[in-house]
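*Asks:* Dropping in start.cif, which is mmCIF, C-alpha atoms:
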data_model
#
loop_
_atom_site.label_atom_id
_atom_site.label_comp_id
_atom_site.auth_asym_id
_atom_site.auth_seq_id
_atom_site.Cartn_x
_atom_site.Cartn_y
_atom_site.Cartn_z
CA MET A 5 109.21 85.17 116.60
CA ALA A 6 108.34 84.07 120.13
CA ASN A 7 106.19 87.13 120.77
CA ALA A 8 103.61 86.17 118.17
CA TYR A 9 102.96 82.84 119.89
CA SER A 10 102.32 84.18 123.36
CA GLY A 11 98.61 84.36 122.62
CA ASP A 12 98.36 88.06 123.39
CA LYS A 13 96.88 90.43 120.86
CA TYR A 14 97.00 94.21 121.04
CA SER A 15 94.18 96.34 119.62
CA VAL A 16 95.18 99.95 119.02
CA LEU A 17 92.24 102.36 119.19
CA LEU A 18 92.74 105.47 117.05
CA PRO A 19 89.94 107.98 117.39
CA THR A 20 90.36 110.42 114.51
CA TYR A 21 88.94 113.77 113.52
CA ASN A 22 90.47 115.52 110.53
CA GLU A 23 93.64 113.42 110.55
CA ARG A 24 93.82 112.84 106.81
CA GLU A 25 97.49 113.77 106.72
CA ASN A 26 98.63 112.10 109.92
CA LEU A 27 96.78 108.81 109.60
CA PRO A 28 99.03 107.16 106.98
CA LEU A 29 102.07 108.16 108.99
CA ILE A 30 100.86 106.90 112.35
CA VAL A 31 99.73 103.63 110.76
CA TRP A 32 103.11 103.23 109.05
CA LEU A 33 104.89 103.73 112.38
CA LEU A 34 102.57 101.30 114.17
CA VAL A 35 103.12 98.65 111.51
CA LYS A 36 106.88 99.21 111.70
CA TYR A 37 107.21 98.84 115.47
CA PHE A 38 104.71 96.03 115.87
CA GLY A 39 106.33 94.25 112.95
CA GLU A 40 109.78 94.54 114.51
CA SER A 41 108.58 93.38 117.92
CA GLY A 42 106.61 90.43 116.55
CA PHE A 43 103.54 91.05 118.69
CA ASN A 44 100.11 90.31 117.30
CA TYR A 45 98.08 93.47 116.68
CA GLU A 46 95.27 95.28 114.93
CA ILE A 47 94.56 98.97 114.41
CA ILE A 48 91.00 100.21 114.85
CA VAL A 49 90.28 103.60 113.29
CA ILE A 50 87.26 105.36 114.79
CA ASP A 51 86.55 108.34 112.59
CA ASP A 52 83.89 110.80 113.72
CA GLY A 53 82.67 111.88 110.31
CA SER A 54 85.76 113.93 109.44
CA PRO A 55 84.94 116.42 106.69
CA ASP A 56 88.50 116.23 105.33
CA GLY A 57 88.12 112.64 104.09
CA THR A 58 90.07 110.82 106.80
CA LEU A 59 87.87 107.77 106.30
CA GLU A 60 88.77 107.61 102.62
CA VAL A 61 92.45 107.55 103.56
CA ALA A 62 91.75 104.83 106.12
CA GLU A 63 90.11 102.72 103.43
CA GLN A 64 93.18 103.08 101.23
CA LEU A 65 95.37 102.02 104.14
CA GLN A 66 93.21 98.94 104.55
CA LYS A 67 94.08 97.97 100.98
CA VAL A 68 97.77 98.43 101.63
CA TYR A 69 97.98 96.66 104.98
CA GLY A 70 95.02 94.30 104.98
CA GLU A 71 91.58 94.29 106.56
CA ASP A 72 92.74 92.03 109.36
CA LYS A 73 95.24 94.66 110.46
CA ILE A 74 93.26 97.87 109.83
CA LEU A 75 89.68 97.89 111.05
CA LEU A 76 87.30 100.77 110.43
CA ARG A 77 84.60 101.69 112.94
CA PRO A 78 83.42 105.11 111.77
CA ARG A 79 80.72 107.23 113.34
CA ALA A 80 78.49 109.91 111.87
CA LYS A 81 79.71 112.84 113.94
CA LYS A 82 81.97 113.92 116.81
CA LEU A 83 80.64 112.06 119.81
CA GLY A 84 83.41 112.16 122.39
CA LEU A 85 86.29 109.98 123.48
CA GLY A 86 84.61 107.67 125.99
CA THR A 87 82.00 106.51 123.49
CA ALA A 88 84.71 106.20 120.83
CA TYR A 89 86.56 103.73 123.04
CA ILE A 90 83.38 101.76 123.75
CA HIS A 91 82.51 101.70 120.07
CA GLY A 92 86.04 100.68 119.07
CA MET A 93 86.26 97.94 121.68
CA LYS A 94 83.07 96.23 120.56
CA HIS A 95 84.85 94.60 117.65
CA ALA A 96 88.34 94.47 119.07
CA SER A 97 89.75 90.95 119.01
CA GLY A 98 92.73 91.73 121.22
CA ASN A 99 92.94 91.01 124.92
CA PHE A 100 94.84 94.27 125.38
CA ILE A 101 93.82 97.74 124.24
CA ILE A 102 96.22 100.58 123.47
CA ILE A 103 94.83 104.10 123.35
CA MET A 104 96.79 106.95 121.81
CA ASP A 105 96.47 110.17 119.84
CA ALA A 106 96.49 109.96 116.05
CA ASP A 107 98.29 113.28 115.53
CA LEU A 108 101.84 111.89 115.94
CA SER A 109 102.30 113.43 119.40
CA HIS A 110 102.47 109.86 120.73
CA HIS A 111 105.19 107.72 119.14
CA PRO A 112 104.51 104.01 118.55
CA LYS A 113 108.13 103.20 119.43
CA PHE A 114 107.04 103.21 123.08
CA ILE A 115 104.46 100.48 122.57
CA PRO A 116 106.93 97.57 122.93
CA GLU A 117 108.09 99.26 126.16
CA PHE A 118 104.49 99.42 127.38
CA ILE A 119 104.03 95.75 126.58
CA GLN A 120 107.27 94.84 128.34
CA LYS A 121 106.27 96.82 131.42
CA GLN A 122 102.84 95.23 131.51
CA LYS A 123 104.36 91.74 131.42
CA GLU A 124 106.85 92.64 134.15
CA GLY A 125 104.22 93.22 136.80
CA ASP A 126 101.07 91.91 135.11
CA TYR A 127 99.76 95.46 135.40
CA ASP A 128 96.11 96.15 134.71
CA LEU A 129 97.10 99.34 132.98
CA VAL A 130 100.34 100.97 131.85
CA SER A 131 100.38 104.75 131.53
CA GLY A 132 102.82 106.79 129.44
CA THR A 133 104.19 109.60 131.58
CA ARG A 134 105.74 112.88 130.43
CA TYR A 135 106.73 113.84 133.95
CA ARG A 136 109.02 111.01 135.15
CA GLY A 137 112.31 109.50 134.11
CA ASN A 138 113.35 110.69 130.68
CA GLY A 139 109.78 111.46 129.69
CA GLY A 140 109.23 114.96 128.35
CA VAL A 141 107.66 117.25 125.81
CA TYR A 142 108.78 118.99 122.63
CA GLY A 143 107.22 122.24 121.46
CA TRP A 144 105.97 123.77 124.71
CA ASP A 145 106.91 127.24 125.87
CA LEU A 146 107.43 128.25 129.51
CA ARG A 147 103.80 129.26 130.01
CA ARG A 148 102.53 125.90 128.82
CA LYS A 149 105.01 123.97 130.96
CA LEU A 150 104.07 126.03 134.01
CA ILE A 151 100.36 125.39 133.50
CA SER A 152 101.01 121.70 132.95
CA ARG A 153 103.17 121.20 136.04
CA GLY A 154 100.95 123.43 138.16
CA ALA A 155 97.80 121.59 137.17
CA ASN A 156 99.46 118.23 137.74
CA PHE A 157 100.74 119.31 141.16
CA LEU A 158 97.26 120.40 142.18
CA ALA A 159 95.82 117.07 141.05
CA GLN A 160 98.54 115.18 142.97
CA VAL A 161 97.83 117.10 146.18
CA LEU A 162 94.07 116.77 145.97
CA LEU A 163 93.70 113.28 144.56
CA ARG A 164 96.94 111.45 145.52
CA PRO A 165 96.36 109.20 142.51
CA GLY A 166 99.52 107.10 142.53
CA ALA A 167 100.35 107.99 138.94
CA SER A 168 102.55 110.85 137.78
CA ASP A 169 100.75 111.79 134.55
CA LEU A 170 96.99 112.00 134.93
CA THR A 171 95.98 113.78 131.75
CA GLY A 172 98.09 111.69 129.41
CA SER A 173 96.24 109.61 126.83
CA PHE A 174 98.89 107.14 125.74
CA ARG A 175 98.04 103.99 127.66
CA LEU A 176 97.83 100.22 127.53
CA TYR A 177 94.90 98.54 129.27
CA LYS A 178 93.79 94.97 129.75
CA LYS A 179 90.61 94.86 127.71
CA LYS A 180 88.32 93.90 130.58
CA VAL A 181 89.82 96.67 132.72
CA LEU A 182 89.15 99.33 130.07
CA GLU A 183 85.63 98.01 129.59
CA SER A 184 84.81 98.31 133.29
CA LEU A 185 86.39 101.77 133.62
CA VAL A 186 84.84 103.39 130.56
CA GLU A 187 81.37 102.51 131.78
CA GLN A 188 81.93 104.46 134.99
CA CYS A 189 83.61 107.57 133.66
CA VAL A 190 81.40 110.53 132.91
CA SER A 191 83.80 113.42 132.23
CA LYS A 192 85.09 114.87 129.00
CA GLY A 193 88.47 115.93 127.65
CA TYR A 194 91.47 116.03 129.98
CA VAL A 195 89.30 115.18 132.95
CA PHE A 196 88.14 111.94 131.30
CA GLN A 197 91.70 110.60 131.27
CA MET A 198 92.17 111.71 134.88
CA GLU A 199 88.97 110.05 135.92
CA MET A 200 90.05 106.77 134.33
CA ILE A 201 93.20 106.64 136.47
CA VAL A 202 91.44 107.72 139.65
CA ARG A 203 88.71 105.12 139.23
CA ALA A 204 91.31 102.49 138.38
CA ARG A 205 92.92 103.18 141.75
CA GLN A 206 89.55 103.01 143.47
CA LEU A 207 88.96 99.59 141.98
CA ASN A 208 92.45 98.52 143.09
CA TYR A 209 93.76 98.02 139.58
CA THR A 210 97.56 98.06 139.32
CA ILE A 211 99.20 100.83 137.33
CA GLY A 212 102.63 100.74 135.70
CA GLU A 213 104.39 103.73 134.14
CA VAL A 214 106.67 104.19 131.15
CA PRO A 215 108.35 107.55 130.36
CA ILE A 216 107.35 108.85 126.95
CA SER A 217 108.20 111.83 124.78
CA PHE A 218 105.29 113.94 123.61
CA VAL A 219 105.93 115.90 120.42
CA ASP A 220 103.35 118.67 120.25
CA ARG A 221 103.06 120.05 116.73
CA VAL A 222 99.66 121.65 117.08
CA TYR A 223 100.40 123.80 120.11
CA GLY A 224 101.03 126.82 117.92
CA GLU A 225 97.50 126.56 116.50
CA SER A 226 95.58 125.70 119.63
CA LYS A 227 96.90 127.48 122.68
CA LEU A 228 95.63 126.38 126.05
CA GLY A 229 92.92 128.93 126.83
CA GLY A 230 91.01 130.08 129.89
CA ASN A 231 88.05 127.87 129.03
CA GLU A 232 90.08 124.69 129.16
CA ILE A 233 91.70 125.70 132.43
CA VAL A 234 88.32 126.41 134.00
CA SER A 235 86.84 123.11 132.86
CA TYR A 236 89.93 121.30 134.17
CA ALA A 237 89.50 122.95 137.57
CA LYS A 238 85.81 122.04 137.66
CA GLY A 239 86.60 118.45 136.70
CA LEU A 240 89.30 118.22 139.34
CA LEU A 241 86.93 119.47 142.03
CA MET A 242 84.27 117.01 140.89
CA LEU A 243 86.72 114.11 141.21
CA PHE A 244 87.90 115.47 144.57
CA ALA A 245 84.37 115.51 145.91
CA THR A 246 83.15 112.23 144.46
CA THR A 247 86.05 109.75 144.60
CA MET B 27 85.53 107.94 151.99
CA THR B 28 86.00 110.54 149.27
CA LYS B 29 89.12 112.72 149.16
CA LEU B 30 87.01 115.70 150.18
CA LEU B 31 85.81 113.91 153.29
CA GLN B 32 89.33 112.75 154.08
CA TRP B 33 90.53 116.36 153.92
CA LEU B 34 87.63 117.66 156.01
CA PHE B 35 88.29 114.95 158.58
CA GLY B 36 92.01 115.68 158.69
CA VAL B 37 91.53 119.43 158.89
CA SER B 38 88.90 119.07 161.64
CA LEU B 39 91.20 116.81 163.64
CA LEU B 40 94.15 119.18 163.36
CA GLY B 41 91.87 122.14 164.01
CA ALA B 42 90.48 120.58 167.15
CA LEU B 43 93.97 119.76 168.38
CA TRP B 44 95.11 123.33 167.70
CA ALA B 45 92.11 124.87 169.44
CA LEU B 46 92.62 122.51 172.37
CA VAL B 47 96.19 123.65 172.92
CA THR B 48 95.79 127.32 172.02
CA PHE B 49 92.65 128.05 173.97
CA ASP B 50 93.24 125.49 176.68
CA LEU B 51 89.78 124.01 176.18
CA LEU B 52 90.21 121.13 178.58
CA ASP B 53 91.91 123.16 181.27
CA LEU B 54 95.07 121.10 180.95
CA SER B 55 97.19 123.96 182.24
CA LEU B 56 99.90 123.45 179.61
CA PRO B 57 103.03 125.55 179.83
CA GLN B 58 102.73 128.99 178.21
CA THR B 59 105.34 128.09 175.56
CA TYR B 60 103.07 125.38 174.13
CA ARG B 61 100.30 127.92 173.64
CA GLU B 62 102.66 130.49 172.15
CA VAL B 63 103.99 128.00 169.61
CA ALA B 64 100.60 126.54 168.75
CA TRP B 65 98.80 129.83 168.17
CA PRO B 66 100.46 130.85 164.84
CA MET B 67 100.80 127.24 163.58
CA PRO B 68 98.01 127.32 160.98
CA PHE B 69 99.54 130.43 159.46
CA TYR B 70 103.04 128.91 159.43
CA LEU B 71 101.78 125.69 157.89
CA LEU B 72 99.96 127.53 155.12
CA ILE B 73 103.02 129.62 154.32
CA SER B 74 105.26 126.54 154.39
CA PHE B 75 102.93 124.69 152.08
CA GLY B 76 102.85 127.69 149.76
CA CYS B 77 106.64 127.80 149.63
CA TYR B 78 106.87 124.05 149.12
CA SER B 79 104.37 124.25 146.26
CA LEU B 80 106.21 127.08 144.51
CA ALA B 81 109.55 125.35 144.94
CA THR B 82 108.25 122.00 143.71
CA VAL B 83 106.45 123.37 140.67
CA GLY B 84 109.40 125.66 139.90
CA TYR B 85 111.83 122.76 140.08
CA ARG B 86 109.62 120.57 137.93
CA VAL B 87 109.21 123.25 135.26
CA ALA B 88 112.96 123.87 135.23
CA THR B 89 113.73 120.16 134.83
CA PHE B 90 110.97 119.47 132.32
CA ASN B 91 112.69 117.48 129.55
CA ASP B 92 112.69 119.07 126.09
CA CYS B 93 112.62 116.17 123.66
CA GLU B 94 114.72 117.62 120.84
CA GLU B 95 115.88 114.22 119.59
CA ALA B 96 112.37 112.85 119.60
CA ALA B 97 111.22 115.68 117.35
CA LYS B 98 114.15 115.17 114.97
CA GLU B 99 113.63 111.44 114.89
CA LEU B 100 109.95 111.94 114.12
CA GLN B 101 110.80 114.27 111.26
CA GLU B 102 113.20 111.66 109.80
CA GLN B 103 110.65 108.92 110.13
CA ILE B 104 107.95 111.00 108.47
CA LYS B 105 110.21 111.32 105.42
CA GLU B 106 110.91 107.60 105.47
CA ALA B 107 107.23 106.78 105.85
CA LYS B 108 106.21 108.97 102.94
CA GLU B 109 108.80 107.33 100.68
CA ASP B 110 107.67 103.88 101.65
CA LEU B 111 104.00 104.72 101.27
CA ARG B 112 104.67 106.28 97.88
CA ARG B 113 106.14 102.97 96.74
CA LYS B 114 103.37 100.84 98.23
CA ASP B 115 100.72 103.25 97.04
CA THR B 116 101.88 103.30 93.40
CA ALA B 117 102.06 99.51 93.35
CA GLU B 118 98.50 99.29 94.74
CA PHE B 119 96.89 101.91 92.59
CA SER B 120 98.70 101.75 89.30
CA SER B 121 95.42 100.59 87.80
CA CYS B 122 93.22 103.19 89.50
CA ALA B 123 93.93 106.35 87.61
CA GLY B 124 91.51 108.67 89.29
CA ARG B 125 92.27 107.73 92.91
CA ARG B 126 94.03 110.23 95.14
CA SER B 127 97.22 108.79 96.51
CA LEU B 128 98.04 108.44 100.19
CA VAL B 129 101.10 110.59 99.75
CA GLU B 130 99.19 113.47 98.21
CA CYS B 131 97.25 113.60 101.45
CA SER B 132 100.50 114.03 103.33
CA ALA B 133 101.75 116.73 100.97
CA THR B 134 101.18 119.60 103.35
CA PHE B 135 103.49 117.88 105.82
CA GLU B 136 106.46 119.23 103.95
CA GLU B 137 105.17 122.65 104.89
CA ILE B 138 104.78 121.70 108.51
CA CYS B 139 108.15 119.93 108.63
CA SER B 140 109.86 122.96 107.18
CA LEU B 141 108.81 124.86 110.28
CA PHE B 142 110.93 122.59 112.50
#
Render the structure in this file as structure tokens.
*Replies:*
Amino acid sequence: MANAYSGDKYSVLLPTYNERENLPLIVWLLVKYFGESGFNYEIIVIDDGSPDGTLEVAEQLQKVYGEDKILLRPRAKKLGLGTAYIHGMKHASGNFIIIMDADLSHHPKFIPEFIQKQKEGDYDLVSGTRYRGNGGVYGWDLRRKLISRGANFLAQVLLRPGASDLTGSFRLYKKKVLESLVEQCVSKGYVFQMEMIVRARQLNYTIGEVPISFVDRVYGESKLGGNEIVSYAKGLLMLFATT
Amino acid sequence: MTKLLQWLFGVSLLGALWALVTFDLLDLSLPQTYREVAWPMPFYLLISFGCYSLATVGYRVATFNDCEEAAKELQEQIKEAKEDLRRKDTAEFSSCAGRRSLVECSATFEEICSLF
């Protein structure tokens, strides 16, 4: 198991809110793929006071998989992604951080590919992209795809960021890189992830890409509304004017 | 320099060049054809960019990969995970009668999976 001796450790940050049902499954998948690859890892669950008892489930998972593999860093209430990352990183013992969604839209099978890519070019960050290679999405209708591609095109024209997927949140960072970026980023939601990439470019960090498949199973419940589009546009203009 | 400033600089430069040629600001006495071509340029460029944008976004939407296999694979793995967790969970909690099992929490997934 050569991978375990390379000295690298990967901390997976899982911010959760009402993921009682998904959490056991995502953890199972993470354990499976990390186990098969032999890399050293830990999973940090950052629950924002979920009313559905996600934290209780996380505690049970700790008993099944061990407290060295599943770490709990809960918070009292929903406080946003940026602070969740900062909070999670404080006790992370890995030298690499993986951020991803806990709702099974991101599949852990891509993590060994991220790691491989990172080693190839010693990249400061590796971003999962839905828009290149055989990356893609399941569960989106035409309207959603149009909005997605249109928004991405606009961001490419205005920001020329050097990465194909700006709003994606499945990424691998060197720990010190994530620490320095999170301090600087002020936005929320989609724009936060965009800002991270744009600032990474500003600071001359190197970015690698790996095509990923994104399986959206909540789209039916939470359609992309006018509010989100407006806040995206505002965020984009803010980045355009300030970076 | 921010992207906004880069754009303003670029647009000003091109704008100055265009005005120079179209309105003959430096009295260069360029041939009439130069002026005739330069005059509608901003309009042509905007239209071209508009067409390029529509074509690019259209192409990208049309070639957007639909990950059917990924969805199926996920569904399979969810089943596998629940089985495995059921086994691990029972072994762990056989002595804790009142504790809710991990798998009970995932029970509603059968409902969601049946929608696939």
*Asks:* CA of Arg77 (chain A) and CA of Lys114 (chain B) are how many Å apart?
*Replies:*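 Answer for the CA of Arg77 (chain A) to CA of Lys114 (chain B) separation: 23.9 Å.
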*Asks:* With all atoms listed in the file considered, list every residue of chain A at most 6 Å from chain B, as a VMD selection string.
*Replies:* chain A and resid 25 140 to 142 150 244 to 247
*Asks:* Interatomic distance between CA of Ala96 (chain A) and CA of Val16 (chain A)?
*Replies:* 8.8 Å
*Asks:* Neighbouring residues of Tyr127 (chain A) were defined as those with any atom within 7 Å, considering all atoms listed in the file; residues of the same chain fewer than 6 positions away were excluded. Please report them as an NGL selection string.
*Replies:* :A and (210-212)
*Asks:* For a quick check of understanding, using only C-alpha atoms, which of A:Arg175, A:Arg205, A:Arg147, A:Arg134 has the smallest distance to Gly229 (chain A)?
*Replies:*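 For Gly229 (chain A), the nearest of the candidates is A:Arg147.
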*Asks:* Name all residues at most 8 Å from Arg203 (chain A) (count all atoms listed in the file; drop same-chain ones fewer than 2 positions away) and give them as a list in words.
*Replies:* Leu185, Cys189, Glu199, Met200, Ile201, Arg205, Gln206, Leu207 and Thr247 of chain A
*Asks:* Do you know which residues the PyMOL selection byres ((chain B and resi 64) around 12) returns on this file, as a PyMOL selection string?
*Replies:* chain B and resi 40-50+56-63+65-71
*Asks:* Could those selected residues go to a file with C-alpha atoms, as a short mmCIF file (atom, residue, chain, number, x, y, z; two decimals), keeping the file's coordinate frame?
*Replies:*
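Ended up saving to selection07.cif:
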data_model
loop_
_atom_site.label_atom_id
_atom_site.label_comp_id
_atom_site.auth_asym_id
_atom_site.auth_seq_id
_atom_site.Cartn_x
_atom_site.Cartn_y
_atom_site.Cartn_z
CA LEU B 40 94.15 119.18 163.36
CA GLY B 41 91.87 122.14 164.01
CA ALA B 42 90.48 120.58 167.15
CA LEU B 43 93.97 119.76 168.38
CA TRP B 44 95.11 123.33 167.70
CA ALA B 45 92.11 124.87 169.44
CA LEU B 46 92.62 122.51 172.37
CA VAL B 47 96.19 123.65 172.92
CA THR B 48 95.79 127.32 172.02
CA PHE B 49 92.65 128.05 173.97
CA ASP B 50 93.24 125.49 176.68
CA LEU B 56 99.90 123.45 179.61
CA PRO B 57 103.03 125.55 179.83
CA GLN B 58 102.73 128.99 178.21
CA THR B 59 105.34 128.09 175.56
CA TYR B 60 103.07 125.38 174.13
CA ARG B 61 100.30 127.92 173.64
CA GLU B 62 102.66 130.49 172.15
CA VAL B 63 103.99 128.00 169.61
CA TRP B 65 98.80 129.83 168.17
CA PRO B 66 100.46 130.85 164.84
CA MET B 67 100.80 127.24 163.58
CA PRO B 68 98.01 127.32 160.98
CA PHE B 69 99.54 130.43 159.46
CA TYR B 70 103.04 128.91 159.43
CA LEU B 71 101.78 125.69 157.89
#
*Asks:* Point out the residue among A:Ile102, A:Leu241, A:Leu34, A:Ala88 with the least atom-to-atom distance to Val161 (chain A), counting only C-alpha atoms.
*Replies:* A:Leu241
*Asks:* Identify, on the basis of only C-alpha atoms, every residue whose closest approach to Gly193 (chain A) does not exceed 12 Å; exclude the query and any residue fewer than 4 positions from it along the same chain; express the result as a ChimeraX atom specification.
*Replies:* /A:83-86,170-173,189,197-200,232-233,235-236,239-240
*Asks:* Nearest to Arg24 (chain A): which of A:Phe38, A:Met242, A:Ser10, A:Ala106 is it, counting all atoms listed in the file?
*Replies:*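 Counting all atoms listed in the file, the residue closest to Arg24 (chain A) is A:Ala106.
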*Asks:* When you look at Lys73 (chain A) with a cut-off of 6 Å (counting only C-alpha atoms), what residues show up, excluding the ones that are within fewer than 3 positions of it in the same chain? I need them as a list of chain:residue names.
*Replies:*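 After dropping sequence-adjacent residues, the list is A:Glu46, A:Ile47, A:Gly70.
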*Asks:* Between CA of Gln64 (chain A) and CA of Pro78 (chain A), what is the spacing in Å?
*Replies:*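 About the pair CA of Pro78 (chain A) and CA of Gln64 (chain A): they are 14.5 Å apart.
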*Asks:* Run through the PyMOL selection byres ((chain A and resi 27) around 8) on the given coordinates and return the selected residues as a ChimeraX atom specification.
*Replies:* /A:23-26,28-31,58,61-62,106-107
*Asks:* Quick one: residues within 12 Å of Tyr209 (chain A), all atoms listed in the file, excluding same-chain residues fewer than 4 positions away - as a list in words?
*Replies:* Gly125, Asp126, Tyr127, Asp128, Leu129, Val130, Pro165, Gly166, Ala167, Tyr177, Lys178, Lys180, Val181, Leu182, Ser184, Leu185, Met200, Ile201, Val202, Arg203, Ala204 and Arg205 of chain A
*Asks:* All heavy atoms are what I want for region 133-140 of chain A; can you complete it accordingly and write them as a compact mmCIF listing (two decimals), in the frame of the given file?
*Replies:*
# COMPACT_ATOMS: atom_id res chain seq x y z
N THR A 133 104.08 108.39 130.79
CA THR A 133 104.19 109.60 131.58
C THR A 133 105.22 110.56 130.98
O THR A 133 106.32 110.17 130.58
CB THR A 133 104.56 109.30 133.05
OG1 THR A 133 104.79 110.52 133.73
CG2 THR A 133 105.79 108.42 133.18
N ARG A 134 104.84 111.84 130.94
CA ARG A 134 105.74 112.88 130.43
C ARG A 134 106.55 113.49 131.57
O ARG A 134 107.44 114.31 131.34
CB ARG A 134 104.93 114.00 129.77
CG ARG A 134 104.17 113.56 128.53
CD ARG A 134 103.05 114.50 128.22
NE ARG A 134 102.00 114.43 129.24
CZ ARG A 134 100.93 115.21 129.29
NH1 ARG A 134 100.75 116.13 128.37
NH2 ARG A 134 100.03 115.08 130.24
N TYR A 135 106.18 113.12 132.81
CA TYR A 135 106.73 113.84 133.95
C TYR A 135 107.79 113.06 134.74
O TYR A 135 108.35 113.60 135.69
CB TYR A 135 105.60 114.19 134.92
CG TYR A 135 104.52 115.07 134.32
CD1 TYR A 135 103.18 114.80 134.52
CD2 TYR A 135 104.85 116.19 133.57
CE1 TYR A 135 102.19 115.60 133.99
CE2 TYR A 135 103.87 117.00 133.03
CZ TYR A 135 102.54 116.71 133.25
OH TYR A 135 101.56 117.50 132.72
N ARG A 136 108.04 111.80 134.39
CA ARG A 136 109.02 111.01 135.15
C ARG A 136 110.11 110.50 134.23
O ARG A 136 109.92 110.40 133.02
CB ARG A 136 108.33 109.78 135.76
CG ARG A 136 107.70 110.04 137.09
CD ARG A 136 108.28 109.13 138.16
NE ARG A 136 107.49 109.29 139.39
CZ ARG A 136 106.58 108.41 139.79
NH1 ARG A 136 106.38 107.31 139.09
NH2 ARG A 136 105.89 108.62 140.87
N GLY A 137 111.22 110.12 134.85
CA GLY A 137 112.31 109.50 134.11
C GLY A 137 112.76 110.39 132.98
O GLY A 137 112.91 111.60 133.15
N ASN A 138 112.97 109.81 131.79
CA ASN A 138 113.35 110.69 130.68
C ASN A 138 112.15 111.02 129.78
O ASN A 138 112.29 111.32 128.61
CB ASN A 138 114.50 110.09 129.87
CG ASN A 138 114.15 108.70 129.36
OD1 ASN A 138 113.07 108.20 129.62
ND2 ASN A 138 115.07 108.11 128.63
N GLY A 139 110.97 110.99 130.39
CA GLY A 139 109.78 111.46 129.69
C GLY A 139 109.87 112.96 129.52
O GLY A 139 110.59 113.63 130.26
N GLY A 140 109.18 113.51 128.54
CA GLY A 140 109.23 114.96 128.35
C GLY A 140 108.35 115.39 127.20
O GLY A 140 107.59 114.60 126.65
